[in-house]
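A.B. asks: So here's model12.cif (mmCIF, C-alpha atoms and all ligand atoms).
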```cif
data_data
#
loop_
_atom_site.label_atom_id
_atom_site.label_comp_id
_atom_site.auth_asym_id
_atom_site.auth_seq_id
_atom_site.Cartn_x
_atom_site.Cartn_y
_atom_site.Cartn_z
CA MET G 1486 5.19 -12.25 8.65
CA ASP G 1487 8.74 -12.89 9.73
CA PHE G 1488 9.38 -13.17 13.44
CA GLU G 1489 13.12 -13.84 13.09
CA LEU G 1490 15.73 -11.18 13.64
CA PRO G 1491 17.62 -10.41 10.42
CA GLU G 1492 20.85 -12.37 9.98
CA GLU G 1493 23.12 -9.39 10.81
CA LEU G 1494 21.26 -8.80 14.09
CA ARG G 1495 21.53 -12.46 15.05
CA MET G 1496 25.28 -12.15 14.49
CA LEU G 1497 25.37 -9.01 16.61
CA GLN G 1498 23.41 -10.81 19.33
CA ALA G 1499 25.82 -13.77 19.34
CA GLN G 1500 28.87 -11.48 19.38
CA LEU G 1501 27.56 -9.49 22.34
CA ARG G 1502 26.47 -12.57 24.21
CA LYS G 1503 30.01 -13.92 24.01
CA PHE G 1504 31.44 -10.54 25.05
CA VAL G 1505 29.15 -10.36 28.10
CA ASP G 1506 29.81 -13.98 29.13
CA LYS G 1507 33.58 -13.87 28.69
CA GLU G 1508 34.58 -10.31 29.48
CA VAL G 1509 31.87 -8.67 31.54
CA ILE G 1510 30.16 -11.21 33.82
CA PRO G 1511 33.45 -12.37 35.39
CA ILE G 1512 34.13 -8.83 36.67
CA GLU G 1513 30.57 -7.68 37.25
CA ARG G 1514 30.72 -7.24 41.03
CA GLU G 1515 33.84 -5.09 40.97
CA ALA G 1516 33.08 -3.07 37.83
CA CYS G 1517 31.33 -0.12 39.50
CA SER G 1518 31.63 2.05 42.52
CA GLY G 1519 28.15 3.46 43.11
CA ALA G 1520 26.81 4.83 39.84
CA ASP G 1521 30.28 5.12 38.31
CA MET G 1522 32.17 2.46 36.48
CA MET G 1523 35.80 2.09 37.57
CA PRO G 1524 37.83 4.08 35.00
CA GLU G 1525 40.19 1.19 34.23
CA VAL G 1526 37.25 -1.19 33.65
CA ARG G 1527 35.51 1.35 31.43
CA ALA G 1528 38.68 1.91 29.42
CA ARG G 1529 39.22 -1.84 28.91
CA LEU G 1530 35.61 -2.57 27.92
CA SER G 1531 35.42 0.54 25.69
CA LYS G 1532 38.47 -0.63 23.79
CA MET G 1533 36.73 -3.94 23.14
CA THR G 1534 33.46 -2.35 21.99
CA CYS G 1535 35.50 -0.18 19.60
CA GLU G 1536 37.17 -3.28 18.22
CA MET G 1537 33.72 -4.85 17.74
CA GLY G 1538 32.69 -1.80 15.70
CA LEU G 1539 30.10 -0.78 18.26
CA TRP G 1540 31.51 2.54 19.43
CA HIS G 1541 28.73 5.16 19.22
CA PHE G 1542 26.34 2.49 18.00
CA ALA G 1543 23.25 4.59 18.77
CA ILE G 1544 24.56 7.86 17.32
CA PRO G 1545 23.38 8.80 13.80
CA THR G 1546 25.93 8.46 11.01
CA GLU G 1547 25.89 12.21 10.27
CA TYR G 1548 27.46 12.70 13.72
CA GLY G 1549 30.05 9.99 13.18
CA GLY G 1550 28.16 7.16 14.87
CA GLN G 1551 27.04 3.74 13.65
CA GLY G 1552 23.42 4.88 13.34
CA LEU G 1553 21.92 1.57 14.43
CA GLY G 1554 18.14 1.47 14.32
CA MET G 1555 15.96 0.82 17.34
CA LEU G 1556 15.73 -2.95 16.74
CA ALA G 1557 19.52 -3.28 16.62
CA ARG G 1558 19.79 -1.09 19.72
CA ALA G 1559 17.28 -3.31 21.48
CA VAL G 1560 19.51 -6.30 20.71
CA VAL G 1561 22.47 -4.51 22.31
CA TRP G 1562 20.44 -3.36 25.34
CA GLU G 1563 19.08 -6.86 25.85
CA GLN G 1564 22.48 -8.54 25.88
CA MET G 1565 23.99 -5.89 28.15
CA GLY G 1566 21.00 -6.31 30.48
CA ARG G 1567 22.32 -9.78 31.35
CA THR G 1568 24.98 -8.31 33.63
CA ILE G 1569 25.02 -6.03 36.65
CA ALA G 1570 28.44 -4.69 35.63
CA LEU G 1571 27.13 -1.56 33.94
CA PRO G 1572 25.70 1.43 35.80
CA THR G 1573 21.90 1.51 35.65
CA ARG G 1574 21.80 4.68 33.52
CA LYS G 1575 24.79 5.85 31.52
CA TRP G 1576 26.97 2.91 30.53
CA GLN G 1577 29.53 4.90 28.53
CA ILE G 1578 31.36 1.76 27.33
CA PHE G 1579 29.93 2.31 23.86
CA GLY G 1580 30.86 6.00 23.95
CA PRO G 1581 29.08 8.97 25.50
CA GLU G 1582 25.33 8.52 25.72
CA VAL G 1583 23.09 11.09 24.11
CA SER G 1584 19.50 11.63 25.16
CA PRO G 1585 17.31 11.58 22.02
CA THR G 1586 15.90 15.02 22.88
CA LEU G 1587 19.20 16.57 21.87
CA TYR G 1588 18.65 15.56 18.24
CA GLN G 1589 15.59 17.83 18.22
CA LEU G 1590 17.72 20.90 18.90
CA ASP G 1591 18.13 23.59 16.27
CA GLU G 1592 21.47 24.14 14.57
CA ARG G 1593 22.85 26.66 17.03
CA GLN G 1594 21.80 24.55 20.00
CA ARG G 1595 23.27 21.39 18.46
CA LYS G 1596 26.63 23.11 18.07
CA HIS G 1597 26.71 24.14 21.74
CA TYR G 1598 25.11 21.06 23.32
CA LEU G 1599 24.67 18.00 21.10
CA VAL G 1600 28.11 17.99 19.50
CA PRO G 1601 30.05 18.41 22.79
CA VAL G 1602 27.99 15.58 24.35
CA ILE G 1603 28.80 13.26 21.45
CA ARG G 1604 32.48 14.18 21.77
CA GLY G 1605 32.41 13.45 25.50
CA GLU G 1606 33.18 17.09 26.37
CA LYS G 1607 29.86 17.79 28.12
CA THR G 1608 27.28 15.75 30.02
CA ASP G 1609 23.65 16.54 30.73
CA CYS G 1610 20.77 15.70 33.03
CA PHE G 1611 17.01 15.85 32.68
CA ALA G 1612 15.14 17.98 35.24
CA GLN G 1613 11.38 17.55 35.34
CA THR G 1614 10.37 16.10 38.72
CA GLU G 1615 9.59 18.41 41.65
CA ALA G 1616 8.78 17.70 45.28
CA ASP G 1617 5.06 18.09 44.55
CA ALA G 1618 5.09 17.13 40.89
CA GLY G 1619 6.45 13.70 40.01
CA GLY G 1620 4.02 11.54 38.12
CA ASP G 1621 1.87 14.62 37.53
CA PRO G 1622 4.08 17.13 35.69
CA ALA G 1623 1.17 19.57 35.23
CA ALA G 1624 1.49 20.30 38.96
CA MET G 1625 5.01 21.68 38.54
CA ARG G 1626 5.72 25.09 40.07
CA THR G 1627 8.99 25.98 38.38
CA THR G 1628 8.31 28.91 36.07
CA ALA G 1629 10.11 30.45 33.12
CA VAL G 1630 9.01 34.04 32.52
CA ARG G 1631 9.98 35.85 29.35
CA ASP G 1632 12.00 39.01 29.97
CA GLY G 1633 13.34 40.63 26.77
CA ASP G 1634 15.70 38.18 25.06
CA ASP G 1635 15.83 35.94 28.12
CA TYR G 1636 13.64 33.71 30.22
CA VAL G 1637 13.97 33.92 34.00
CA ILE G 1638 13.63 30.54 35.71
CA ASN G 1639 12.56 30.12 39.34
CA GLY G 1640 11.75 26.94 41.21
CA SER G 1641 13.26 23.71 42.40
CA LYS G 1642 13.56 20.17 41.13
CA ARG G 1643 13.91 16.90 43.00
CA PHE G 1644 15.48 13.53 42.22
CA ILE G 1645 17.61 14.74 39.30
CA THR G 1646 20.08 12.04 38.33
CA SER G 1647 23.62 13.28 37.58
CA ALA G 1648 22.71 16.92 38.39
CA ASP G 1649 25.86 17.18 40.52
CA THR G 1650 28.15 16.25 37.62
CA ALA G 1651 26.26 17.53 34.58
CA ASP G 1652 27.40 20.55 32.57
CA PHE G 1653 23.87 21.41 31.56
CA ALA G 1654 20.30 20.37 32.25
CA GLN G 1655 17.23 20.02 30.12
CA VAL G 1656 14.84 21.83 32.44
CA MET G 1657 11.07 21.68 32.22
CA ALA G 1658 9.32 24.83 33.41
CA LYS G 1659 5.86 26.36 33.23
CA THR G 1660 5.55 29.14 30.67
CA ASP G 1661 1.76 29.37 30.84
CA SER G 1662 0.11 28.82 34.21
CA HIS G 1663 -3.35 28.57 32.59
CA LYS G 1664 -2.43 25.49 30.57
CA GLY G 1665 -1.59 21.97 31.76
CA SER G 1666 1.27 19.71 30.70
CA HIS G 1667 0.27 20.06 27.03
CA GLY G 1668 0.88 23.68 26.07
CA GLY G 1669 1.85 25.05 29.47
CA ILE G 1670 5.35 23.58 29.87
CA SER G 1671 8.50 24.48 27.93
CA ALA G 1672 11.96 22.89 27.88
CA PHE G 1673 15.21 24.83 28.30
CA LEU G 1674 18.91 24.14 28.06
CA VAL G 1675 20.36 25.49 31.30
CA ASP G 1676 24.08 25.59 32.04
CA MET G 1677 24.57 24.19 35.52
CA ARG G 1678 27.17 26.86 36.31
CA SER G 1679 24.79 29.72 35.53
CA PRO G 1680 24.33 32.22 38.39
CA GLY G 1681 21.34 31.14 40.49
CA VAL G 1682 21.62 27.37 39.92
CA SER G 1683 22.45 25.42 43.07
CA ILE G 1684 22.68 21.72 43.83
CA GLY G 1685 21.04 20.59 47.05
CA ARG G 1686 20.69 17.32 48.89
CA LYS G 1687 21.91 14.14 47.22
CA GLU G 1688 19.57 11.20 47.89
CA ARG G 1689 20.78 7.67 48.56
CA THR G 1690 18.49 5.12 46.94
CA MET G 1691 18.29 1.34 46.75
CA MET G 1692 19.62 1.49 43.20
CA ASP G 1693 22.97 2.99 42.19
CA ASP G 1694 21.40 6.33 41.16
CA ALA G 1695 22.00 9.10 43.68
CA PRO G 1696 19.79 11.93 42.38
CA CYS G 1697 19.97 15.51 43.68
CA ASP G 1698 17.74 18.46 44.44
CA VAL G 1699 18.39 21.45 42.18
CA ALA G 1700 17.24 25.03 42.83
CA PHE G 1701 16.83 27.78 40.24
CA ASP G 1702 16.85 31.28 41.68
CA ASN G 1703 16.27 33.96 39.02
CA VAL G 1704 18.32 32.02 36.50
CA ARG G 1705 18.53 33.95 33.22
CA VAL G 1706 18.45 31.74 30.13
CA PRO G 1707 18.71 33.29 26.66
CA ALA G 1708 15.56 32.60 24.63
CA TRP G 1709 17.56 30.73 21.96
CA LYS G 1710 18.11 28.00 24.55
CA ARG G 1711 14.43 27.07 24.63
CA ILE G 1712 13.97 23.64 23.01
CA GLY G 1713 11.22 23.70 20.40
CA ALA G 1714 8.30 26.08 20.52
CA GLU G 1715 6.99 27.63 23.71
CA GLY G 1716 4.58 25.19 25.33
CA ASP G 1717 6.08 22.14 23.57
CA GLY G 1718 8.18 21.01 26.53
CA PHE G 1719 6.10 17.98 27.31
CA LYS G 1720 6.32 16.80 23.70
CA VAL G 1721 10.11 17.23 23.82
CA GLY G 1722 10.31 15.16 27.01
CA GLN G 1723 8.15 12.42 25.53
CA THR G 1724 10.63 11.63 22.76
CA TRP G 1725 13.30 10.91 25.30
CA ILE G 1726 10.95 8.99 27.52
CA ASN G 1727 9.48 6.83 24.71
CA GLN G 1728 12.90 5.67 23.60
CA GLY G 1729 13.94 5.22 27.22
CA ARG G 1730 10.95 2.96 27.73
CA VAL G 1731 11.99 0.65 24.90
CA ARG G 1732 15.38 0.47 26.55
CA HIS G 1733 13.70 -0.48 29.84
CA GLY G 1734 11.94 -3.35 28.07
CA ALA G 1735 15.04 -4.58 26.23
CA ARG G 1736 17.14 -4.43 29.37
CA ALA G 1737 14.42 -6.36 31.22
CA LEU G 1738 14.76 -9.14 28.62
CA GLY G 1739 18.43 -9.47 29.50
CA VAL G 1740 17.70 -9.57 33.21
CA MET G 1741 15.09 -12.30 32.67
CA GLU G 1742 17.35 -14.37 30.45
CA ARG G 1743 20.15 -14.30 33.02
CA CYS G 1744 17.81 -15.05 35.93
CA LEU G 1745 16.44 -18.04 34.01
CA GLU G 1746 19.99 -19.29 33.36
CA LEU G 1747 20.92 -18.89 37.02
CA GLY G 1748 17.66 -20.37 38.31
CA ALA G 1749 17.60 -23.41 36.02
CA ARG G 1750 21.26 -24.28 36.65
CA TYR G 1751 20.92 -23.94 40.40
CA ALA G 1752 17.69 -25.98 40.43
CA LYS G 1753 19.44 -28.86 38.68
CA GLN G 1754 22.36 -28.88 41.03
CA ARG G 1755 20.76 -28.16 44.43
CA VAL G 1756 19.44 -31.24 46.22
CA THR G 1757 16.92 -30.98 49.06
CA PHE G 1758 15.06 -33.82 50.71
CA GLY G 1759 16.92 -36.27 48.48
CA LYS G 1760 15.95 -34.76 45.12
CA PRO G 1761 17.22 -31.88 42.93
CA LEU G 1762 15.03 -28.78 43.07
CA SER G 1763 14.51 -29.16 39.31
CA GLU G 1764 12.29 -32.18 40.01
CA ARG G 1765 9.91 -30.18 42.22
CA GLN G 1766 6.84 -28.89 40.46
CA ALA G 1767 6.80 -25.69 42.52
CA ILE G 1768 10.26 -24.80 41.19
CA GLN G 1769 9.51 -25.92 37.63
CA TRP G 1770 6.43 -23.71 37.54
CA MET G 1771 8.38 -20.66 38.68
CA LEU G 1772 10.87 -21.16 35.86
CA VAL G 1773 8.16 -21.90 33.32
CA ASP G 1774 6.23 -18.76 34.25
CA SER G 1775 9.38 -16.69 33.78
CA TYR G 1776 10.08 -18.39 30.47
CA ILE G 1777 6.59 -17.72 29.09
CA GLU G 1778 6.77 -14.09 30.20
CA LEU G 1779 10.19 -13.66 28.62
CA GLN G 1780 8.90 -14.91 25.25
CA ALA G 1781 5.87 -12.59 25.39
CA LEU G 1782 7.92 -9.56 26.40
CA ARG G 1783 10.49 -10.23 23.69
CA MET G 1784 7.75 -10.14 21.05
CA MET G 1785 6.50 -6.81 22.42
CA VAL G 1786 9.94 -5.22 22.58
CA TYR G 1787 11.13 -6.35 19.15
CA ARG G 1788 7.83 -5.40 17.53
CA THR G 1789 7.87 -1.94 19.06
CA ALA G 1790 11.47 -1.36 18.02
CA TRP G 1791 10.63 -2.55 14.50
CA LYS G 1792 7.63 -0.19 14.39
CA HIS G 1793 9.84 2.69 15.49
CA ASP G 1794 12.30 1.89 12.69
CA ARG G 1795 9.39 2.08 10.23
CA GLY G 1796 8.58 5.57 11.51
CA GLU G 1797 5.38 4.52 13.29
CA ASP G 1798 4.10 6.04 16.53
CA ILE G 1799 5.20 3.82 19.44
CA ARG G 1800 3.80 5.88 22.30
CA TYR G 1801 1.30 3.29 23.52
CA ASP G 1802 3.59 0.34 22.84
CA ALA G 1803 6.28 2.10 24.85
CA TYR G 1804 3.90 2.45 27.82
CA MET G 1805 3.15 -1.27 27.69
CA ILE G 1806 6.77 -2.29 27.39
CA LYS G 1807 7.83 -0.11 30.29
CA MET G 1808 5.09 -1.50 32.55
CA ARG G 1809 5.43 -5.15 31.58
CA GLY G 1810 9.21 -5.08 31.27
CA ASP G 1811 9.88 -3.65 34.69
CA ARG G 1812 7.28 -5.78 36.45
CA LEU G 1813 7.98 -9.09 34.71
CA SER G 1814 11.74 -8.75 35.14
CA PHE G 1815 11.29 -7.91 38.81
CA GLU G 1816 9.07 -10.96 39.30
CA CYS G 1817 11.53 -13.13 37.41
CA ALA G 1818 14.41 -11.91 39.62
CA ASP G 1819 12.21 -12.47 42.67
CA ARG G 1820 11.52 -16.09 41.68
CA CYS G 1821 15.20 -16.64 40.91
CA MET G 1822 16.02 -15.33 44.39
CA GLN G 1823 13.46 -17.70 45.94
CA ILE G 1824 14.88 -20.71 44.07
CA HIS G 1825 18.36 -19.88 45.41
CA GLY G 1826 17.20 -19.65 49.02
CA GLY G 1827 19.80 -17.91 51.21
CA ALA G 1828 22.37 -17.92 48.40
CA GLY G 1829 20.06 -15.63 46.42
CA LEU G 1830 20.42 -12.92 49.04
CA THR G 1831 24.22 -12.86 48.98
CA LEU G 1832 26.41 -10.48 47.05
CA ASP G 1833 28.18 -13.47 45.45
CA LEU G 1834 25.36 -13.58 42.92
CA PRO G 1835 23.87 -10.74 40.84
CA ILE G 1836 20.26 -11.60 41.76
CA GLU G 1837 19.81 -9.12 44.61
CA LYS G 1838 21.11 -6.29 42.39
CA PHE G 1839 18.72 -7.22 39.58
CA TRP G 1840 15.93 -7.38 42.17
CA ARG G 1841 16.72 -3.91 43.58
CA ASP G 1842 17.17 -2.31 40.17
CA GLN G 1843 14.06 -3.77 38.57
CA ARG G 1844 11.92 -2.88 41.57
CA SER G 1845 13.20 0.70 41.41
CA MET G 1846 12.40 0.91 37.71
CA MET G 1847 8.75 0.26 38.52
CA ILE G 1848 8.68 3.79 39.96
CA THR G 1849 11.21 5.86 38.04
CA GLU G 1850 10.33 7.27 34.61
CA GLY G 1851 6.63 6.83 35.31
CA PRO G 1852 4.97 4.59 37.93
CA GLU G 1853 2.77 1.81 36.61
CA GLU G 1854 -0.53 3.34 37.81
CA ILE G 1855 0.09 6.59 35.94
CA LEU G 1856 1.07 4.81 32.74
CA LYS G 1857 -2.04 2.65 33.04
CA THR G 1858 -4.19 5.78 33.36
CA ALA G 1859 -2.68 7.11 30.14
CA LEU G 1860 -3.16 3.76 28.42
CA ALA G 1861 -6.78 3.57 29.58
CA ARG G 1862 -7.53 6.53 27.29
CA ARG G 1863 -6.28 4.44 24.39
CA VAL G 1864 -8.35 1.42 25.44
CA PHE G 1865 -11.56 3.51 25.53
CA GLU G 1866 -10.65 5.10 22.20
CA LEU G 1867 -10.27 1.66 20.63
CA TYR G 1868 -12.97 -0.32 22.35
CA GLY G 1869 -15.29 2.08 24.17
C1 LIG G 1901 16.59 7.12 41.70
C2 LIG G 1901 15.71 8.10 41.00
C3 LIG G 1901 16.17 8.80 39.90
C4 LIG G 1901 15.36 9.75 39.25
N1 LIG G 1901 15.86 10.51 38.21
C5 LIG G 1901 15.11 11.51 37.70
C6 LIG G 1901 15.67 12.42 36.73
O1 LIG G 1901 16.82 12.28 36.32
N2 LIG G 1901 14.90 13.44 36.28
C7 LIG G 1901 13.60 13.63 36.71
O2 LIG G 1901 12.96 14.57 36.26
N3 LIG G 1901 13.05 12.79 37.62
C8 LIG G 1901 13.77 11.74 38.14
N4 LIG G 1901 13.24 10.92 39.11
C9 LIG G 1901 11.86 11.12 39.54
C10 LIG G 1901 10.93 9.99 39.13
O3 LIG G 1901 10.69 10.03 37.75
C11 LIG G 1901 9.66 10.15 39.98
O4 LIG G 1901 9.99 9.74 41.30
C12 LIG G 1901 8.52 9.34 39.45
O5 LIG G 1901 8.04 9.89 38.25
C13 LIG G 1901 7.36 9.30 40.45
O6 LIG G 1901 7.06 10.58 40.94
P1 LIG G 1901 6.84 10.78 42.52
O7 LIG G 1901 7.99 10.15 43.21
O8 LIG G 1901 6.59 12.21 42.78
O9 LIG G 1901 5.54 9.93 42.84
P2 LIG G 1901 4.05 10.47 42.87
O10 LIG G 1901 3.68 11.13 41.59
O11 LIG G 1901 3.85 11.23 44.14
O12 LIG G 1901 3.27 9.11 43.01
C14 LIG G 1901 3.43 8.26 44.17
C15 LIG G 1901 2.73 6.95 43.90
O13 LIG G 1901 1.32 7.20 43.85
C16 LIG G 1901 0.72 6.44 42.86
N5 LIG G 1901 0.00 7.32 41.95
C17 LIG G 1901 0.37 8.56 41.55
N6 LIG G 1901 -0.54 9.10 40.73
C18 LIG G 1901 -1.51 8.18 40.59
C19 LIG G 1901 -2.73 8.11 39.84
N7 LIG G 1901 -3.11 9.11 39.03
N8 LIG G 1901 -3.51 7.00 39.96
C20 LIG G 1901 -3.12 5.97 40.76
N9 LIG G 1901 -1.98 5.96 41.47
C21 LIG G 1901 -1.18 7.06 41.38
C22 LIG G 1901 1.83 5.61 42.17
O14 LIG G 1901 1.83 4.31 42.74
C23 LIG G 1901 3.08 6.33 42.56
O15 LIG G 1901 4.20 5.45 42.64
C24 LIG G 1901 14.04 9.96 39.74
C25 LIG G 1901 13.57 9.25 40.85
C26 LIG G 1901 14.40 8.35 41.48
C27 LIG G 1901 13.88 7.64 42.71
#
```
Please express what this file holds, its structure, as structure tokens.
Ligand SMILES: Cc1cc2nc3c(=O)[nH]c(=O)nc-3n(C[C@H](O)[C@H](O)[C@H](O)COP(=O)(O)OP(=O)(O)OC[C@H]3O[C@@H](n4cnc5c(N)ncnc54)[C@H](O)[C@@H]3O)c2cc1C
C.D. replies:
Amino acid sequence: MDFELPEELRMLQAQLRKFVDKEVIPIEREACSGADMMPEVRARLSKMTCEMGLWHFAIPTEYGGQGLGMLARAVVWEQMGRTIALPTRKWQIFGPEVSPTLYQLDERQRKHYLVPVIRGEKTDCFAQTEADAGGDPAAMRTTAVRDGDDYVINGSKRFITSADTADFAQVMAKTDSHKGSHGGISAFLVDMRSPGVSIGRKERTMMDDAPCDVAFDNVRVPAWKRIGAEGDGFKVGQTWINQGRVRHGARALGVMERCLELGARYAKQRVTFGKPLSERQAIQWMLVDSYIELQALRMMVYRTAWKHDRGEDIRYDAYMIKMRGDRLSFECADRCMQIHGGAGLTLDLPIEKFWRDQRSMMITEGPEEILKTALARRVFELYG
């Protein structure tokens, strides 16, 4: 067994670490306005990532990208997680981001949707959640009814990130009301300017995401825009979500690493009651707990990414990473905030932003309780 990253990934890690420390952290507070990176900052950082050979690092080589595997991507996500400079979702400084679902499209669909996204000509959003169907997609009410060569979509979605700017959405809708999430839901590519699509209220949240309501009123979608077979929508969504969960875990590693750096440095320098905080056991234990958790999470993330690169099923590993990553990084940011006292609450430091983001992640893309319910099935299968 070899627990070391391969030499080329250690080099990548060191290169990105330097980039984040020198170029990104110094401007991290001013880099974004809401969920959008300032165009001049994005242009400057994008030029640098191009020079580092990391433009389109996650895009397969047949589409002109670098085709990095999941382990290499995890290394990038981890290092970039050390800063609050990048928007929570689509960073865009390594080129347009492509949701993995789009690689499952057929040839005609790829030409109209995948290729323009890679070229930066179109952007998308993912529309599954509804007012009464969040963690429980089987409860969704949006329907897609076959009518000749089209489907007619009716219903409404809630909390859809980037719906107000996207050119198209990957929409989940019920095609069989007698079946649950497996078999009853299909995925469709819906142009956001189609007649009958309307954007509703934009929500303000404690993270930089400002998701919107979207309504579909008799929206006609040609049948060729259905992704995969009828009833396979949930499977389609899972691919995106599994990979997204590894990203959650890798990003959490970066957050924890930075919070440890900030916490340990501050503890050495801050003197209270005649002694540096670093000499107080209460403070040492907080840092040690975070350190142990970081090591454990890193093993889980790297192993899952490595399994994915070997073509193995990572569904259950992805659940665990998402749950542990979000929670442990939140707790690590929380301890770091505590160590800093009042300074930890100020906007001079990134801690409060990490704290808000990581807390939010514990709900979005699957709350912990729901993921645990799914994982419980696996536990009983293995041990029951
Ligand atoms: C900022 C933001 C951005 C988002 N972006 C998108 C997007 O782009 N696309 C999209 O489709 N969705 C998006 N969402 C929706 C998000 O994925 C859902 O909010 C999330 O899945 C939880 O659904 P819910 O809010 O309906 O909570 P519910 O399903 O109502 O659950 C509420 C709480 O109840 C508990 N709970 C629920 N079920 C169980 C159970 N079986 N056992 C025990 N406890 C349970 C959990 O603690 C949960 O947090 C976004 C949400 C936010 C806030």
A.B. asks: Enter the distance from atom CA of Asp1635 of chain G to atom CA of Gly1665 of chain G, in Å, rounded to one decimal.
C.D. replies: 22.6 Å
A.B. asks: Residues around (31.1, -1.7, 18.5), cut-off 12 Å, counting only C-alpha atoms - what are they as an MDAnalysis selection string?
C.D. replies: chainID G and resid 1497:1498 1500:1501 1504 1530:1544 1550:1553 1557:1558 1561 1578:1580
A.B. asks: For Asp1487 of chain G, please output as a PyMOL selection string all residues within 12 Å (counting all atoms listed in the file; exclusion window: fewer than 6 positions along the same chain).
C.D. replies: chain G and resi 1784+1787-1788+1791
A.B. asks: Which chains and residue numbers are within 6 Å of ligand LIG 1901 (chain G), counting all atoms listed in the file, if I want them as a list of chain:residue names?
C.D. replies: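 Sorted by chain and then by number, the residues are G:Phe1611, G:Ala1612, G:Gln1613, G:Thr1614, G:Ala1618, G:Gly1619, G:Gly1620, G:Asp1621, G:Phe1644, G:Ile1645, G:Thr1646, G:Thr1690, G:Asp1694, G:Pro1696, G:Ile1848, G:Thr1849, G:Glu1850, G:Gly1851, G:Pro1852, G:Glu1854, G:Ile1855.
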A.B. asks: As an MDAnalysis selection string, please: the residues near Leu1772 of chain G (cut-off 10 Å, all atoms listed in the file, same-chain neighbours under 5 positions excluded).
C.D. replies: chainID G and resid 1744:1746 1748:1749 1752 1763 1766:1767 1777:1778 1817 1820:1821 1824
A.B. asks: Counting only C-alpha atoms, find the residues whose atoms lie at most 9 Å from (10.0, 5.6, 21.7) (file coordinates) and write them out as a list in words.
C.D. replies: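 Nearby residues: Met1555, Gln1723, Thr1724, Trp1725, Ile1726, Asn1727, Gln1728, Gly1729, Arg1730, Val1731, Arg1732, Thr1789, Ala1790, His1793, Asp1798, Ile1799, Arg1800, Asp1802 and Ala1803 of chain G.
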A.B. asks: Which is closest to Arg1705 of chain G among G:Cys1610, G:Val1675, G:Ala1624, G:Leu1571, if we use all atoms listed in the file?
C.D. replies: G:Val1675
A.B. asks: Between G:Gly1713, G:Gly1685, G:Pro1524, G:Pro1545, which residue has the minimum interatomic distance to Leu1590 of chain G, considering only C-alpha atoms?
C.D. replies: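 Distance minimum relative to Leu1590 of chain G lands on G:Gly1713.
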A.B. asks: Here is a test: counting all atoms listed in the file, which residue of G:Arg1711, G:Arg1643, G:His1597, G:Arg1736 is nearest to Arg1686 of chain G?
C.D. replies: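 When distances to Arg1686 of chain G are compared using all atoms listed in the file, the smallest one comes from G:Arg1643.
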A.B. asks: How many Å separate atom CA of Arg1529 of chain G from atom CA of Ala1499 of chain G?
C.D. replies: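 Atom CA of Ala1499 of chain G lies at a distance of 20.3 Å from atom CA of Arg1529 of chain G.
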A.B. asks: Name all residues at most 7 Å from segment 1810-1814 of chain G (count all atoms listed in the file; drop same-chain ones fewer than 5 positions away) and give them as a PDB file with C-alpha atoms, keeping the file's coordinate frame.
C.D. replies:
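This is the output file out-v1.pdb:
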```pdb
ATOM      1  CA  HIS G1733      13.700  -0.480  29.840  1.00  0.00           C
ATOM      2  CA  GLY G1734      11.940  -3.350  28.070  1.00  0.00           C
ATOM      3  CA  ALA G1737      14.420  -6.360  31.220  1.00  0.00           C
ATOM      4  CA  VAL G1740      17.700  -9.570  33.210  1.00  0.00           C
ATOM      5  CA  MET G1741      15.090 -12.300  32.670  1.00  0.00           C
ATOM      6  CA  GLU G1778       6.770 -14.090  30.200  1.00  0.00           C
ATOM      7  CA  LEU G1782       7.920  -9.560  26.400  1.00  0.00           C
ATOM      8  CA  GLN G1843      14.060  -3.770  38.570  1.00  0.00           C
ATOM      9  CA  MET G1846      12.400   0.910  37.710  1.00  0.00           C
ATOM     10  CA  MET G1847       8.750   0.260  38.520  1.00  0.00           C
TER      11      MET G1847
END
```
A.B. asks: So how many Å separate atom CA of Gly1633 of chain G and atom CA of Val1704 of chain G, to one decimal?
C.D. replies: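 About the pair atom CA of Gly1633 of chain G and atom CA of Val1704 of chain G: they are 13.9 Å apart.
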A.B. asks: For each of G:Met1771, G:Arg1809, G:Val1786, G:Arg1755, take the minimum atom-to-atom distance to Gly1826 of chain G, counting all atoms listed in the file, then give the residue where this is smallest.
C.D. replies: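 Checking each candidate against Gly1826 of chain G, we get G:Arg1755 as the closest.
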A.B. asks: Skipping near chain neighbours, those fewer than 2 positions away, what residues fall within 6 Å of Glu1563 of chain G using only C-alpha atoms, listed as a PyMOL selection string?
C.D. replies: chain G and resi 1559-1561+1565-1566+1735-1736+1738-1739
A.B. asks: Out of G:Gly1519, G:Gly1605, G:Gly1718, G:Gly1549, which residue has the shortest atom-to-atom distance to Met1691 of chain G when counting only C-alpha atoms?
C.D. replies: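 Ranked by minimum distance to Met1691 of chain G, first place goes to G:Gly1519.
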A.B. asks: Around all the atoms of segment 1849-1856 of chain G listed in the file, with 5 Å of room on each side, what axis-aligned box do you get, giving centre and edge lengths in Å to one decimal, as JSON?
C.D. replies:
```
{"center_x": 5.3, "center_y": 4.5, "center_z": 35.4, "size_x": 21.7, "size_y": 15.5, "size_z": 15.3}
```
A.B. asks: Which one of G:Phe1815, G:Tyr1751, G:Phe1839, G:Tyr1801 sits closest to Arg1862 of chain G if you count all atoms listed in the file?
C.D. replies: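 The answer is G:Tyr1801, which sits nearest to Arg1862 of chain G.
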A.B. asks: Which neighbours of Trp1840 of chain G fall inside 9 Å, counting only C-alpha atoms, when residues of the same chain fewer than 4 positions from it are skipped, and could you give them as a list in words?
C.D. replies: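 The residues satisfying every condition are Ser1814, Phe1815, Glu1816, Cys1817, Ala1818, Asp1819, Met1822, Pro1835, Ile1836, Arg1844 and Ser1845 of chain G.
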